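What follows is a short report on a single structure.
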Amino acid sequence: MQERRKRRVLNIVGPQVRRIRYQQGLTQPAFSAKCQLIGWDISREGIAKIESQIRCVSDIELLKLAKALRVHFSVLFP
């Protein structure tokens, strides 16, 4: 029998970022480009890791995510 490993969750905002990005019709590459336009150099892979909750999100990054998505940062919390 295979042993299931618990996945370590490193942020709580990832699912909301994915949902809002999807609602706005943005692909991960397009969202990454939008983040870069506001001065945050993050790759598509970085966005994917945030949305999958396998990358930590600092407080500054939280504000940048909210700015790029044009929402108040509190909307990103579950």
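Here, A, B, ... name the chains of the structure tokens in the order displayed, residue numbers run from 1 inside each chain, and ligands are numbered from 1 in the same displayed order.
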
Hey, what's within 10 Å of stretch 53-67 of chain A if we count only C-alpha atoms and toss same-chain stuff fewer than 6 positions away? As a list in words, please?
->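 Here the qualifying residues turn out to be Arg7, Arg8, Val9, Leu10, Asn11, Ile12, Val13, Gly14, Pro15, Val17, Ile20, Phe31, Ser32, Lys34, Cys35, Gln36, Ile38, Gly39, Trp40, Ile42, Gly46, Ile47, Phe73, Ser74, Val75, Leu76 and Phe77 of chain A.
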
Include N, CA and C atoms and write out the residues we just selected as an mmCIF file, in the first residue's frame.
```cif
data_model
loop_
_atom_site.group_PDB
_atom_site.id
_atom_site.type_symbol
_atom_site.label_atom_id
_atom_site.label_comp_id
_atom_site.auth_asym_id
_atom_site.auth_seq_id
_atom_site.Cartn_x
_atom_site.Cartn_y
_atom_site.Cartn_z
ATOM 1 N N ARG A 7 0.661 17.074 1.971
ATOM 2 C CA ARG A 7 1.275 18.188 1.265
ATOM 3 C C ARG A 7 1.327 19.376 2.198
ATOM 4 N N ARG A 8 2.474 19.985 2.282
ATOM 5 C CA ARG A 8 2.654 21.142 3.145
ATOM 6 C C ARG A 8 2.128 22.392 2.445
ATOM 7 N N VAL A 9 1.168 23.041 3.036
ATOM 8 C CA VAL A 9 0.573 24.259 2.485
ATOM 9 C C VAL A 9 1.405 25.449 2.955
ATOM 10 N N LEU A 10 1.900 26.246 1.990
ATOM 11 C CA LEU A 10 2.777 27.361 2.330
ATOM 12 C C LEU A 10 2.130 28.733 2.189
ATOM 13 N N ASN A 11 0.880 28.783 1.742
ATOM 14 C CA ASN A 11 0.136 30.046 1.733
ATOM 15 C C ASN A 11 -1.351 29.724 1.754
ATOM 16 N N ILE A 12 -2.154 30.699 2.114
ATOM 17 C CA ILE A 12 -3.604 30.476 2.128
ATOM 18 C C ILE A 12 -4.324 31.275 1.036
ATOM 19 N N VAL A 13 -3.588 32.040 0.261
ATOM 20 C CA VAL A 13 -4.216 32.906 -0.740
ATOM 21 C C VAL A 13 -4.223 32.312 -2.146
ATOM 22 N N GLY A 14 -3.476 31.252 -2.366
ATOM 23 C CA GLY A 14 -3.339 30.678 -3.699
ATOM 24 C C GLY A 14 -4.645 30.356 -4.400
ATOM 25 N N PRO A 15 -5.555 29.646 -3.737
ATOM 26 C CA PRO A 15 -6.823 29.321 -4.416
ATOM 27 C C PRO A 15 -7.627 30.560 -4.816
ATOM 28 N N VAL A 17 -6.321 33.551 -5.528
ATOM 29 C CA VAL A 17 -5.599 34.162 -6.656
ATOM 30 C C VAL A 17 -6.007 33.453 -7.944
ATOM 31 N N ILE A 20 -9.751 34.342 -8.906
ATOM 32 C CA ILE A 20 -9.914 35.710 -9.409
ATOM 33 C C ILE A 20 -9.249 35.862 -10.773
ATOM 34 N N PHE A 31 -1.035 36.824 -16.578
ATOM 35 C CA PHE A 31 -1.003 37.392 -15.233
ATOM 36 C C PHE A 31 0.432 37.695 -14.806
ATOM 37 N N SER A 32 1.347 36.823 -15.160
ATOM 38 C CA SER A 32 2.762 37.064 -14.874
ATOM 39 C C SER A 32 3.229 38.355 -15.557
ATOM 40 N N LYS A 34 1.365 40.867 -16.392
ATOM 41 C CA LYS A 34 0.703 41.984 -15.706
ATOM 42 C C LYS A 34 1.449 42.339 -14.420
ATOM 43 N N CYS A 35 1.900 41.324 -13.699
ATOM 44 C CA CYS A 35 2.695 41.556 -12.483
ATOM 45 C C CYS A 35 3.998 42.260 -12.822
ATOM 46 N N GLN A 36 4.608 41.865 -13.922
ATOM 47 C CA GLN A 36 5.866 42.491 -14.326
ATOM 48 C C GLN A 36 5.658 43.958 -14.695
ATOM 49 N N ILE A 38 3.747 45.995 -13.187
ATOM 50 C CA ILE A 38 3.686 46.794 -11.964
ATOM 51 C C ILE A 38 5.003 46.712 -11.175
ATOM 52 N N GLY A 39 6.019 46.077 -11.779
ATOM 53 C CA GLY A 39 7.344 46.060 -11.167
ATOM 54 C C GLY A 39 7.692 44.828 -10.359
ATOM 55 N N TRP A 40 6.918 43.758 -10.503
ATOM 56 C CA TRP A 40 7.202 42.526 -9.772
ATOM 57 C C TRP A 40 7.608 41.459 -10.771
ATOM 58 N N ILE A 42 7.990 38.141 -11.629
ATOM 59 C CA ILE A 42 7.592 36.780 -11.259
ATOM 60 C C ILE A 42 7.229 36.030 -12.529
ATOM 61 N N GLY A 46 6.248 30.764 -11.053
ATOM 62 C CA GLY A 46 6.057 31.338 -9.726
ATOM 63 C C GLY A 46 4.585 31.516 -9.402
ATOM 64 N N ILE A 47 3.820 31.973 -10.385
ATOM 65 C CA ILE A 47 2.373 32.118 -10.213
ATOM 66 C C ILE A 47 1.750 30.741 -9.958
ATOM 67 N N PHE A 73 -6.604 43.717 -0.923
ATOM 68 C CA PHE A 73 -5.843 42.548 -0.485
ATOM 69 C C PHE A 73 -6.661 41.605 0.398
ATOM 70 N N SER A 74 -7.652 42.123 1.105
ATOM 71 C CA SER A 74 -8.460 41.272 1.986
ATOM 72 C C SER A 74 -9.279 40.240 1.198
ATOM 73 N N VAL A 75 -9.538 40.517 -0.071
ATOM 74 C CA VAL A 75 -10.295 39.601 -0.921
ATOM 75 C C VAL A 75 -9.512 38.310 -1.151
ATOM 76 N N LEU A 76 -8.186 38.367 -1.002
ATOM 77 C CA LEU A 76 -7.353 37.196 -1.251
ATOM 78 C C LEU A 76 -7.352 36.200 -0.108
ATOM 79 N N PHE A 77 -7.913 36.590 1.039
ATOM 80 C CA PHE A 77 -7.965 35.676 2.175
ATOM 81 C C PHE A 77 -9.245 34.850 2.129
#
```

Those of chain A in DSSP alpha helix (DSSP H), formatted as a ChimeraX atom specification = /A:14-23,28-37,44-51,59-69

Nearest to A:Arg70: which of A:Gln16, A:Ser43, A:Gln24, A:Lys6 is it, counting only C-alpha atoms?
->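 Among the listed residues, the smallest separation from A:Arg70 belongs to A:Gln24.
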